[in-house]
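Below: one structure, written as structure tokens.
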Amino acid sequence: MTDTRPPLDETQPTDTEWSYETAAVQTGIPRGLGQTVGIPIHQAAAFQFTTLEEAQSEFQLNQGLSYARLQNPTVRALEERITALEGGATTVALSSGQAATLTAILSVCRAGDHVVSTASLFGGSAGLLNNILPLMGISATLTENTPEAIRAAMGPNTRLVWAETIGNPAGDVPDLEAFAAIAHERGALLGIDNTWGGVGYLCRPLEFSADIVTHSLTKWAGGHGSVMGGSVTVGTRHDLTRNPIYTEGGENSILNVRGDAALAWRQRWFGAHQLGMTLAPHNAFLIAQGLETLALRLGRESETALALAAWLGEQPQVGRVSYPGLPGSAHHDLARKYLRGGFGAVLTFEVPDPAAFLARLRVIRIAPNLGDTRTLVVHPWTTTHGRLPEAARRAAGVTDRTIRMSVGLESPQDLQADLAAALG
């Protein structure tokens, strides 16, 4: 069928009708004579004004370019691309996934407030909730990944419900729509770490009534294991009218002054302007490059992960295998509801002697990262979750025999052979 849509120009960087793959390679690149075919790197600390009035307006509204801690053209192009892929309204890109999580939480919480989160979390997120937020007067309750547990943990001062699209490393899947309903009826927001969802490729939480979506762009967005970054994306349907942060101050309240852009404005003000967790333009360029092949990579990796999970489940030396794509997984039905294009590239399994198993690997590498083109394994009990109390580790789905594997782009046959040799 002939495409009758008008050509894009510099003020129209994307089209909501584009497929994921098209948006991943086209968004953020203007058209026109002399324009680059790709996103250029703007390595600059500050941007010029021609008049006092221009400078005053920009510092009040923050709609253009002033100082690279707040905005940079390369970072902005990446933000546009992430927003398109997540189906959101606005994105702020930051220096790491941990910076994105902190920004998302502080955008709706202050001293005296409360967060309810699933316990099956990345160890760094659990540490942030348990160790850092209390220093700011913000309390957190980590609970089971079920609507019933989330509802029971809600309090009058709960401002945010937090979960991961696929729990790290448990492989459990939250009921996004149920979590959103519980949060919204209490005036709270739902925030989802969608890192394992692959920047909207496997899941778009905003389509299931989430309000805030974060990413460690270090993972599948970059894809090459050579750069760090994070992002926070918001949609348009969040309700801030019951959050005092946004309503206090009458006519001068954030909500009254900023309107629909209030949440996104506070996130950029907090994460970039005030805390200075700025994403470097060269990092933004590398991440944007990675996004262009994310669909190809994560689709292939998800297929391999499913095949390896099924094979590992048949090996007598292997204990519990956790992967939401397996029909026998307790989370398979929710995974089928919320995930598309695959069930993710990460699985966990138990071996009797993790040290001996890891020492025998020759293709798969031992490294604490995810979403690399190379297959990586780690022993969460002693590394990513090693600083958590034992009860918290077990609540996250970790035992002393658990191996977490992030599947890369190697031949599935080579990976299976390497696992077989390591299992003995």
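Chain lettering (A, B, ...) mirrors the order of the structure tokens, residue numbering begins at 1 for each chain separately, and ligand numbering begins at 1 in order of display.
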
task = Within 12 Å of segment 303-320 of chain A, counting only C-alpha atoms, which residues show up once you throw out same-chain ones fewer than 4 positions away? Write them as a VMD selection string, please.
result = chain A and resid 170 to 171 296 to 299 324 to 329 341 to 354 357 375 397 to 424

Residues near segment 97-104 of chain A, anyone? I mean within 10 Å using only C-alpha atoms, not counting same-chain ones fewer than 4 positions away, as a short mmCIF file (atom, residue, chain, number, x, y, z; two decimals) with all heavy atoms, in the first residue's frame.
data_model
loop_
_atom_site.label_atom_id
_atom_site.label_comp_id
_atom_site.auth_asym_id
_atom_site.auth_seq_id
_atom_site.Cartn_x
_atom_site.Cartn_y
_atom_site.Cartn_z
N VAL A 92 13.80 12.01 30.17
CA VAL A 92 15.06 12.63 30.57
C VAL A 92 16.09 11.51 30.64
O VAL A 92 15.86 10.48 31.28
CB VAL A 92 14.95 13.39 31.92
CG1 VAL A 92 14.44 12.49 33.05
CG2 VAL A 92 16.31 13.99 32.30
N ALA A 93 17.20 11.70 29.95
CA ALA A 93 18.29 10.73 29.96
C ALA A 93 19.32 11.16 30.99
O ALA A 93 19.65 12.34 31.10
CB ALA A 93 18.92 10.62 28.58
N VAL A 108 8.48 12.07 43.03
CA VAL A 108 7.15 12.01 43.66
C VAL A 108 7.21 11.80 45.17
O VAL A 108 6.16 11.74 45.82
CB VAL A 108 6.29 10.90 43.02
CG1 VAL A 108 5.98 11.24 41.57
CG2 VAL A 108 6.97 9.54 43.11
N CYS A 109 8.40 11.68 45.73
CA CYS A 109 8.54 11.41 47.17
C CYS A 109 9.45 12.44 47.84
O CYS A 109 10.41 12.91 47.24
CB CYS A 109 9.12 10.02 47.41
SG CYS A 109 8.09 8.65 46.87
N GLY A 124 21.02 -3.31 43.34
CA GLY A 124 21.25 -1.88 43.54
C GLY A 124 19.97 -1.12 43.85
O GLY A 124 19.98 -0.18 44.65
N SER A 125 18.86 -1.53 43.24
CA SER A 125 17.58 -0.89 43.53
C SER A 125 17.13 -1.21 44.95
O SER A 125 16.63 -0.34 45.67
CB SER A 125 16.51 -1.36 42.53
OG SER A 125 16.86 -1.01 41.21
N LEU A 128 19.10 0.89 47.29
CA LEU A 128 18.63 2.27 47.28
C LEU A 128 17.39 2.43 48.15
O LEU A 128 17.29 3.38 48.95
CB LEU A 128 18.31 2.68 45.84
CG LEU A 128 17.78 4.09 45.60
CD1 LEU A 128 18.80 5.13 46.00
CD2 LEU A 128 17.40 4.26 44.12
N LEU A 129 16.46 1.49 48.02
CA LEU A 129 15.22 1.56 48.80
C LEU A 129 15.48 1.33 50.29
O LEU A 129 14.90 2.00 51.15
CB LEU A 129 14.23 0.53 48.28
CG LEU A 129 13.64 0.80 46.89
CD1 LEU A 129 12.94 -0.44 46.36
CD2 LEU A 129 12.67 1.97 46.93
N ILE A 132 19.42 4.02 51.25
CA ILE A 132 19.61 5.42 50.89
C ILE A 132 18.36 6.26 51.15
O ILE A 132 18.44 7.34 51.76
CB ILE A 132 20.03 5.56 49.41
CG1 ILE A 132 21.29 4.74 49.15
CG2 ILE A 132 20.25 7.03 49.05
CD1 ILE A 132 22.46 5.10 50.05
N LEU A 133 17.20 5.77 50.73
CA LEU A 133 15.98 6.56 50.94
C LEU A 133 15.70 6.86 52.41
O LEU A 133 15.25 7.97 52.73
CB LEU A 133 14.78 5.85 50.31
CG LEU A 133 14.76 5.75 48.78
CD1 LEU A 133 13.45 5.16 48.31
CD2 LEU A 133 15.00 7.11 48.13
N LEU A 160 4.32 5.99 45.76
CA LEU A 160 4.83 5.29 44.58
C LEU A 160 4.79 3.79 44.82
O LEU A 160 5.18 3.31 45.88
CB LEU A 160 6.27 5.73 44.29
CG LEU A 160 6.96 5.12 43.07
CD1 LEU A 160 6.31 5.62 41.78
CD2 LEU A 160 8.45 5.46 43.07
N TRP A 162 6.43 0.41 43.03
CA TRP A 162 7.60 0.17 42.16
C TRP A 162 7.73 -1.31 41.86
O TRP A 162 7.54 -2.17 42.74
CB TRP A 162 8.86 0.67 42.87
CG TRP A 162 10.08 0.68 41.99
CD1 TRP A 162 11.08 -0.25 41.95
CD2 TRP A 162 10.42 1.68 41.03
NE1 TRP A 162 12.02 0.10 41.01
CE2 TRP A 162 11.64 1.28 40.44
CE3 TRP A 162 9.81 2.85 40.61
CZ2 TRP A 162 12.26 2.04 39.45
CZ3 TRP A 162 10.42 3.59 39.62
CH2 TRP A 162 11.64 3.19 39.06
N GLY A 191 5.53 3.14 39.12
CA GLY A 191 6.79 3.23 38.40
C GLY A 191 7.31 1.84 38.06
O GLY A 191 7.30 0.95 38.91
N ILE A 192 7.75 1.66 36.82
CA ILE A 192 8.23 0.36 36.37
C ILE A 192 9.65 0.51 35.81
O ILE A 192 9.89 1.32 34.92
CB ILE A 192 7.31 -0.22 35.27
CG1 ILE A 192 5.91 -0.47 35.82
CG2 ILE A 192 7.91 -1.51 34.70
CD1 ILE A 192 5.83 -1.51 36.91
N ASP A 193 10.56 -0.30 36.35
CA ASP A 193 11.88 -0.43 35.75
C ASP A 193 11.73 -1.40 34.58
O ASP A 193 11.55 -2.59 34.77
CB ASP A 193 12.87 -0.98 36.80
CG ASP A 193 14.29 -1.10 36.25
OD1 ASP A 193 14.45 -1.20 35.01
OD2 ASP A 193 15.24 -1.12 37.04
N THR A 195 13.92 -2.10 32.21
CA THR A 195 15.19 -2.45 31.59
C THR A 195 15.10 -3.77 30.85
O THR A 195 15.51 -3.88 29.69
CB THR A 195 16.30 -2.51 32.65
OG1 THR A 195 16.44 -1.22 33.26
CG2 THR A 195 17.62 -2.92 32.03
N ILE A 212 5.39 5.98 35.25
CA ILE A 212 6.80 6.29 35.10
C ILE A 212 7.51 5.02 34.64
O ILE A 212 7.26 3.94 35.17
CB ILE A 212 7.42 6.77 36.43
CG1 ILE A 212 6.71 8.01 36.96
CG2 ILE A 212 8.92 7.03 36.28
CD1 ILE A 212 7.14 8.41 38.36
N VAL A 213 8.39 5.15 33.66
CA VAL A 213 9.18 4.02 33.18
C VAL A 213 10.65 4.40 33.21
O VAL A 213 11.03 5.46 32.71
CB VAL A 213 8.78 3.62 31.74
CG1 VAL A 213 9.75 2.62 31.16
CG2 VAL A 213 7.37 3.06 31.72
N THR A 214 11.47 3.55 33.81
CA THR A 214 12.91 3.81 33.86
C THR A 214 13.67 2.72 33.11
O THR A 214 13.16 1.62 32.88
CB THR A 214 13.44 3.88 35.30
OG1 THR A 214 13.31 2.59 35.92
CG2 THR A 214 12.70 4.94 36.10
N HIS A 215 14.91 3.05 32.77
CA HIS A 215 15.80 2.09 32.12
C HIS A 215 17.22 2.27 32.61
O HIS A 215 17.67 3.39 32.85
CB HIS A 215 15.81 2.30 30.60
CG HIS A 215 14.61 1.77 29.91
ND1 HIS A 215 14.45 0.43 29.63
CD2 HIS A 215 13.49 2.38 29.47
CE1 HIS A 215 13.29 0.25 29.02
NE2 HIS A 215 12.68 1.42 28.92
N SER A 216 17.92 1.15 32.70
CA SER A 216 19.37 1.18 32.63
C SER A 216 19.70 1.04 31.16
O SER A 216 19.63 -0.06 30.60
CB SER A 216 20.00 0.05 33.45
OG SER A 216 21.39 0.00 33.18
N LEU A 217 20.04 2.14 30.53
CA LEU A 217 20.37 2.12 29.10
C LEU A 217 21.69 1.41 28.84
O LEU A 217 22.04 1.14 27.68
CB LEU A 217 20.42 3.54 28.56
CG LEU A 217 19.11 4.35 28.69
CD1 LEU A 217 19.33 5.78 28.21
CD2 LEU A 217 17.98 3.70 27.92
N THR A 218 22.43 1.14 29.91
CA THR A 218 23.67 0.37 29.83
C THR A 218 23.42 -1.00 29.23
O THR A 218 24.31 -1.58 28.61
CB THR A 218 24.25 0.20 31.25
OG1 THR A 218 24.28 1.47 31.91
CG2 THR A 218 25.63 -0.41 31.23
N LYS A 219 22.21 -1.51 29.40
CA LYS A 219 21.89 -2.89 29.04
C LYS A 219 21.50 -2.99 27.56
O LYS A 219 22.30 -2.69 26.70
CB LYS A 219 20.79 -3.41 29.97
CG LYS A 219 21.07 -3.16 31.46
CD LYS A 219 22.38 -3.76 31.95
CE LYS A 219 22.53 -3.74 33.45
NZ LYS A 219 22.64 -2.41 34.06
N MET A 228 27.54 3.55 29.79
CA MET A 228 26.53 3.58 30.84
C MET A 228 25.55 4.72 30.58
O MET A 228 25.89 5.75 30.01
CB MET A 228 27.17 3.78 32.22
CG MET A 228 28.07 2.64 32.65
SD MET A 228 28.57 2.77 34.38
CE MET A 228 27.02 2.35 35.16
N GLY A 229 24.30 4.50 31.01
CA GLY A 229 23.28 5.54 30.88
C GLY A 229 21.98 5.07 31.49
O GLY A 229 21.81 3.88 31.80
N GLY A 230 21.07 5.99 31.71
CA GLY A 230 19.77 5.68 32.26
C GLY A 230 18.74 6.65 31.73
O GLY A 230 19.09 7.69 31.15
N SER A 231 17.47 6.33 31.92
CA SER A 231 16.42 7.23 31.45
C SER A 231 15.16 7.08 32.28
O SER A 231 14.92 6.03 32.88
CB SER A 231 16.09 6.97 29.97
OG SER A 231 15.53 5.68 29.79
N VAL A 232 14.37 8.15 32.29
CA VAL A 232 13.05 8.17 32.91
C VAL A 232 12.07 8.71 31.88
O VAL A 232 12.28 9.81 31.35
CB VAL A 232 13.01 9.05 34.18
CG1 VAL A 232 11.65 8.92 34.87
CG2 VAL A 232 14.13 8.71 35.13
N THR A 233 11.01 7.95 31.61
CA THR A 233 9.99 8.36 30.64
C THR A 233 8.64 8.42 31.34
O THR A 233 8.33 7.56 32.16
CB THR A 233 9.91 7.36 29.47
OG1 THR A 233 11.19 7.29 28.82
CG2 THR A 233 8.85 7.77 28.45
N VAL A 234 7.87 9.44 31.01
CA VAL A 234 6.52 9.56 31.57
C VAL A 234 5.51 9.64 30.44
O VAL A 234 5.84 10.04 29.32
CB VAL A 234 6.38 10.80 32.49
CG1 VAL A 234 7.34 10.70 33.65
CG2 VAL A 234 6.62 12.09 31.71
N LEU A 263 5.42 16.67 36.04
CA LEU A 263 6.20 15.52 36.45
C LEU A 263 7.52 15.44 35.68
O LEU A 263 8.60 15.25 36.27
CB LEU A 263 5.39 14.23 36.25
CG LEU A 263 6.06 12.92 36.67
CD1 LEU A 263 6.45 12.95 38.14
CD2 LEU A 263 5.16 11.73 36.37
N ALA A 264 7.44 15.62 34.38
CA ALA A 264 8.65 15.58 33.55
C ALA A 264 9.59 16.72 33.91
O ALA A 264 10.83 16.55 33.95
CB ALA A 264 8.28 15.64 32.08
N ARG A 266 9.93 18.20 36.86
CA ARG A 266 10.58 17.94 38.14
C ARG A 266 11.67 16.87 37.99
O ARG A 266 12.72 16.95 38.65
CB ARG A 266 9.55 17.51 39.18
CG ARG A 266 10.15 17.26 40.57
CD ARG A 266 9.06 17.07 41.61
NE ARG A 266 9.60 16.60 42.88
CZ ARG A 266 10.14 17.36 43.82
NH1 ARG A 266 10.21 18.68 43.64
NH2 ARG A 266 10.60 16.84 44.94
N GLN A 267 11.45 15.91 37.14
CA GLN A 267 12.47 14.88 36.95
C GLN A 267 13.74 15.45 36.34
O GLN A 267 14.84 15.13 36.77
CB GLN A 267 11.89 13.75 36.10
CG GLN A 267 10.87 12.92 36.87
CD GLN A 267 10.09 11.96 36.02
OE1 GLN A 267 10.14 12.02 34.79
NE2 GLN A 267 9.33 11.08 36.65
N ARG A 268 13.60 16.31 35.35
CA ARG A 268 14.80 16.92 34.76
C ARG A 268 15.44 17.88 35.76
O ARG A 268 16.67 17.93 35.88
CB ARG A 268 14.45 17.65 33.46
CG ARG A 268 15.68 18.18 32.73
CD ARG A 268 15.31 18.78 31.38
NE ARG A 268 14.70 17.81 30.50
CZ ARG A 268 15.38 16.94 29.76
NH1 ARG A 268 16.70 16.93 29.80
NH2 ARG A 268 14.74 16.10 28.97
N TRP A 269 14.63 18.63 36.47
CA TRP A 269 15.16 19.57 37.46
C TRP A 269 15.92 18.83 38.56
O TRP A 269 17.00 19.24 38.95
CB TRP A 269 14.00 20.38 38.06
CG TRP A 269 14.39 21.31 39.16
CD1 TRP A 269 14.97 22.55 39.04
CD2 TRP A 269 14.24 21.09 40.57
NE1 TRP A 269 15.18 23.10 40.27
CE2 TRP A 269 14.74 22.23 41.23
CE3 TRP A 269 13.73 20.04 41.33
CZ2 TRP A 269 14.75 22.36 42.62
CZ3 TRP A 269 13.73 20.15 42.70
CH2 TRP A 269 14.24 21.30 43.34
N PHE A 270 15.36 17.71 39.01
CA PHE A 270 15.97 16.97 40.10
C PHE A 270 17.21 16.21 39.62
O PHE A 270 18.31 16.37 40.15
CB PHE A 270 14.97 15.98 40.70
CG PHE A 270 14.92 16.01 42.19
CD1 PHE A 270 13.76 16.34 42.86
CD2 PHE A 270 16.05 15.72 42.94
CE1 PHE A 270 13.71 16.39 44.24
CE2 PHE A 270 16.01 15.76 44.33
CZ PHE A 270 14.83 16.09 44.98
N GLY A 271 17.02 15.35 38.60
CA GLY A 271 18.09 14.45 38.21
C GLY A 271 19.24 15.14 37.51
O GLY A 271 20.41 14.84 37.77
N ALA A 272 18.94 16.07 36.62
CA ALA A 272 19.98 16.71 35.83
C ALA A 272 20.42 18.03 36.44
O ALA A 272 21.60 18.24 36.73
CB ALA A 272 19.48 16.94 34.40
N LEU A 275 20.91 17.47 40.87
CA LEU A 275 21.85 16.42 41.26
C LEU A 275 22.98 16.22 40.26
O LEU A 275 23.97 15.57 40.57
CB LEU A 275 21.09 15.10 41.47
CG LEU A 275 20.09 15.09 42.62
CD1 LEU A 275 19.41 13.73 42.73
CD2 LEU A 275 20.76 15.44 43.94
N GLY A 276 22.83 16.77 39.08
CA GLY A 276 23.92 16.74 38.11
C GLY A 276 24.27 15.36 37.58
O GLY A 276 25.42 15.11 37.20
N MET A 277 23.29 14.46 37.50
CA MET A 277 23.55 13.10 37.01
C MET A 277 23.41 13.07 35.49
O MET A 277 22.60 12.37 34.90
CB MET A 277 22.59 12.12 37.69
CG MET A 277 22.76 12.09 39.20
SD MET A 277 21.76 10.88 40.08
CE MET A 277 20.10 11.52 39.82
N THR A 278 24.23 13.88 34.84
CA THR A 278 24.10 14.17 33.43
C THR A 278 24.68 13.07 32.55
O THR A 278 25.75 12.53 32.84
CB THR A 278 24.82 15.50 33.11
OG1 THR A 278 24.33 16.52 33.99
CG2 THR A 278 24.60 15.92 31.67
N LEU A 279 23.99 12.74 31.48
CA LEU A 279 24.50 11.80 30.50
C LEU A 279 25.41 12.53 29.53
O LEU A 279 25.02 13.54 28.94
CB LEU A 279 23.34 11.15 29.74
CG LEU A 279 23.72 10.10 28.69
CD1 LEU A 279 24.37 8.88 29.35
CD2 LEU A 279 22.50 9.68 27.88
#

task = Report as an NGL selection string: the residues of segment 298-338 of chain A with a DSSP assignment of helix (DSSP H, G or I), based on the backbone of this structure.
result = :A and (298-312 or 332-338)

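One finds atom CA of Ser322 of chain A at 12.7 Å from atom CA of Ser120 of chain A.
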
One-decimal distance in Å that lies between atom CA of Arg186 of chain A and atom CA of Gly155 of chain A =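 Taking atom CA of Gly155 of chain A and atom CA of Arg186 of chain A, their separation equals 8.5 Å.
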
key: Polymer residues at most 9 Å from Ala183 of chain A, only C-alpha atoms, same-chain spacing of 4 or more positions, as a PyMOL selection string   = chain A and resi 150-151+154+158-161+178-179+187-190

query = Just how far from atom CA of Pro174 of chain A is atom CA of Arg340 of chain A, in Å to one decimal?
reply = 14.9 Å

query = Between A:Ala140, A:Val199, A:Ala288, A:Ile366, which is the closest to Ile105 of chain A once you count only C-alpha atoms?
reply =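 Among the listed residues, A:Ala140 lies closest to Ile105 of chain A.
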
request  = Could you please write out, as JSON, numbers by chain, every residue of segment 184-267 of chain A that DSSP assigns to strand (DSSP E)?
outcome  = {"A": [189, 190, 191, 192, 193, 212, 213, 214, 215, 216, 230, 231, 232, 233, 234]}

Would you output that residue set with N, CA, C and O atoms, as a compact mmCIF listing (two decimals), in the first residue's frame?
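Saved to out.txt:
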# COMPACT_ATOMS: atom_id res chain seq x y z
N LEU A 189 1.47 6.79 42.27
CA LEU A 189 1.82 6.48 40.89
C LEU A 189 2.47 5.11 40.82
O LEU A 189 2.99 4.61 41.82
N LEU A 190 2.45 4.51 39.64
CA LEU A 190 3.13 3.25 39.40
C LEU A 190 4.38 3.51 38.56
O LEU A 190 4.30 4.04 37.45
N GLY A 191 5.53 3.14 39.12
CA GLY A 191 6.79 3.23 38.40
C GLY A 191 7.31 1.84 38.06
O GLY A 191 7.30 0.95 38.91
N ILE A 192 7.75 1.66 36.82
CA ILE A 192 8.23 0.36 36.37
C ILE A 192 9.65 0.51 35.81
O ILE A 192 9.89 1.32 34.92
N ASP A 193 10.56 -0.30 36.35
CA ASP A 193 11.88 -0.43 35.75
C ASP A 193 11.73 -1.40 34.58
O ASP A 193 11.55 -2.59 34.77
N ILE A 212 5.39 5.98 35.25
CA ILE A 212 6.80 6.29 35.10
C ILE A 212 7.51 5.02 34.64
O ILE A 212 7.26 3.94 35.17
N VAL A 213 8.39 5.15 33.66
CA VAL A 213 9.18 4.02 33.18
C VAL A 213 10.65 4.40 33.21
O VAL A 213 11.03 5.46 32.71
N THR A 214 11.47 3.55 33.81
CA THR A 214 12.91 3.81 33.86
C THR A 214 13.67 2.72 33.11
O THR A 214 13.16 1.62 32.88
N HIS A 215 14.91 3.05 32.77
CA HIS A 215 15.80 2.09 32.12
C HIS A 215 17.22 2.27 32.61
O HIS A 215 17.67 3.39 32.85
N SER A 216 17.92 1.15 32.70
CA SER A 216 19.37 1.18 32.63
C SER A 216 19.70 1.04 31.16
O SER A 216 19.63 -0.06 30.60
N GLY A 230 21.07 5.99 31.71
CA GLY A 230 19.77 5.68 32.26
C GLY A 230 18.74 6.65 31.73
O GLY A 230 19.09 7.69 31.15
N SER A 231 17.47 6.33 31.92
CA SER A 231 16.42 7.23 31.45
C SER A 231 15.16 7.08 32.28
O SER A 231 14.92 6.03 32.88
N VAL A 232 14.37 8.15 32.29
CA VAL A 232 13.05 8.17 32.91
C VAL A 232 12.07 8.71 31.88
O VAL A 232 12.28 9.81 31.35
N THR A 233 11.01 7.95 31.61
CA THR A 233 9.99 8.36 30.64
C THR A 233 8.64 8.42 31.34
O THR A 233 8.33 7.56 32.16
N VAL A 234 7.87 9.44 31.01
CA VAL A 234 6.52 9.56 31.57
C VAL A 234 5.51 9.64 30.44
O VAL A 234 5.84 10.04 29.32

ask   = Contacts of Tyr67 of chain A at 10 Å or less, counting only C-alpha atoms, minus same-chain residues fewer than 2 places along, as an MDAnalysis selection string?
value = chainID A and resid 44:48 59 62 64:65 69:72 273

Write out, as a PDB file, in the first residue's frame, the residues just selected, with N, CA, C and O atoms.
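Just written: result.pdb:
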ATOM      1  N   ALA A  44      29.715  20.058  23.837  1.00  0.00           N
ATOM      2  CA  ALA A  44      29.749  21.451  24.279  1.00  0.00           C
ATOM      3  C   ALA A  44      29.182  21.553  25.687  1.00  0.00           C
ATOM      4  O   ALA A  44      28.290  20.793  26.060  1.00  0.00           O
ATOM      5  N   ALA A  45      29.691  22.511  26.458  1.00  0.00           N
ATOM      6  CA  ALA A  45      29.232  22.704  27.832  1.00  0.00           C
ATOM      7  C   ALA A  45      28.130  23.749  27.931  1.00  0.00           C
ATOM      8  O   ALA A  45      27.314  23.692  28.853  1.00  0.00           O
ATOM      9  N   ALA A  46      28.116  24.714  27.010  1.00  0.00           N
ATOM     10  CA  ALA A  46      27.140  25.799  27.108  1.00  0.00           C
ATOM     11  C   ALA A  46      26.707  26.234  25.723  1.00  0.00           C
ATOM     12  O   ALA A  46      27.392  25.984  24.720  1.00  0.00           O
ATOM     13  N   PHE A  47      25.560  26.921  25.667  1.00  0.00           N
ATOM     14  CA  PHE A  47      24.977  27.361  24.406  1.00  0.00           C
ATOM     15  C   PHE A  47      24.673  28.857  24.493  1.00  0.00           C
ATOM     16  O   PHE A  47      24.323  29.376  25.552  1.00  0.00           O
ATOM     17  N   GLN A  48      24.774  29.547  23.369  1.00  0.00           N
ATOM     18  CA  GLN A  48      24.748  31.002  23.348  1.00  0.00           C
ATOM     19  C   GLN A  48      23.336  31.581  23.311  1.00  0.00           C
ATOM     20  O   GLN A  48      22.395  30.951  22.827  1.00  0.00           O
ATOM     21  N   PHE A  59      16.095  30.414  31.068  1.00  0.00           N
ATOM     22  CA  PHE A  59      16.329  29.988  32.442  1.00  0.00           C
ATOM     23  C   PHE A  59      15.022  29.850  33.222  1.00  0.00           C
ATOM     24  O   PHE A  59      14.965  29.121  34.209  1.00  0.00           O
ATOM     25  N   ASN A  62      13.190  26.688  30.445  1.00  0.00           N
ATOM     26  CA  ASN A  62      13.981  25.489  30.133  1.00  0.00           C
ATOM     27  C   ASN A  62      13.433  24.724  28.943  1.00  0.00           C
ATOM     28  O   ASN A  62      13.309  23.494  28.959  1.00  0.00           O
ATOM     29  N   GLY A  64      14.677  25.355  25.678  1.00  0.00           N
ATOM     30  CA  GLY A  64      15.673  25.324  24.610  1.00  0.00           C
ATOM     31  C   GLY A  64      16.983  24.751  25.088  1.00  0.00           C
ATOM     32  O   GLY A  64      17.017  23.685  25.711  1.00  0.00           O
ATOM     33  N   LEU A  65      18.074  25.463  24.815  1.00  0.00           N
ATOM     34  CA  LEU A  65      19.400  25.030  25.199  1.00  0.00           C
ATOM     35  C   LEU A  65      20.082  26.140  25.988  1.00  0.00           C
ATOM     36  O   LEU A  65      20.050  27.300  25.582  1.00  0.00           O
ATOM     37  N   ARG A  69      24.361  20.551  31.369  1.00  0.00           N
ATOM     38  CA  ARG A  69      23.869  19.722  32.459  1.00  0.00           C
ATOM     39  C   ARG A  69      22.366  19.498  32.333  1.00  0.00           C
ATOM     40  O   ARG A  69      21.844  18.479  32.793  1.00  0.00           O
ATOM     41  N   LEU A  70      21.665  20.445  31.708  1.00  0.00           N
ATOM     42  CA  LEU A  70      20.218  20.333  31.541  1.00  0.00           C
ATOM     43  C   LEU A  70      19.830  19.780  30.181  1.00  0.00           C
ATOM     44  O   LEU A  70      18.950  18.942  30.081  1.00  0.00           O
ATOM     45  N   GLN A  71      20.463  20.289  29.114  1.00  0.00           N
ATOM     46  CA  GLN A  71      20.073  19.876  27.773  1.00  0.00           C
ATOM     47  C   GLN A  71      21.299  19.866  26.868  1.00  0.00           C
ATOM     48  O   GLN A  71      22.230  20.647  27.038  1.00  0.00           O
ATOM     49  N   ASN A  72      21.269  18.950  25.913  1.00  0.00           N
ATOM     50  CA  ASN A  72      22.310  18.845  24.895  1.00  0.00           C
ATOM     51  C   ASN A  72      21.631  18.262  23.651  1.00  0.00           C
ATOM     52  O   ASN A  72      20.802  17.358  23.778  1.00  0.00           O
ATOM     53  N   HIS A 273      19.471  18.947  36.665  1.00  0.00           N
ATOM     54  CA  HIS A 273      19.811  20.283  37.120  1.00  0.00           C
ATOM     55  C   HIS A 273      20.361  20.297  38.538  1.00  0.00           C
ATOM     56  O   HIS A 273      21.421  20.865  38.808  1.00  0.00           O
TER      57      HIS A 273
END

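Shortest separation to Arg300 of chain A among A:Thr22, A:Gln43, A:Ser57, A:Thr373 occurs at residue A:Thr373, atoms counted being only C-alpha atoms.
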
Shell of 10 Å around Trp265 of chain A, only C-alpha atoms, local chain residues under 5 positions omitted, as an MDAnalysis selection string = chainID A and resid 61:62 90:92 107 254 258:260 270

request  = Could you check which of A:Asp239, A:Glu390, A:Asp372, A:Asp113 is closest to Asn157 of chain A, using only C-alpha atoms?
outcome  = A:Asp113

Which residue of A:Thr27, A:Gln274, A:Ser226, A:Asn252 approaches Arg374 of chain A most closely, using only C-alpha atoms = A:Ser226

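Counting only C-alpha atoms, Ile39 of chain A has the following residues at most 10 Å away, ignoring those fewer than 5 positions along the same chain: Gln26, Thr27, Gly28, Ile29, Pro30, Pro73, Thr74, Val75, Ala77, Leu78, Ala284, Phe285, Leu286, Ala288 and Gln289 of chain A.
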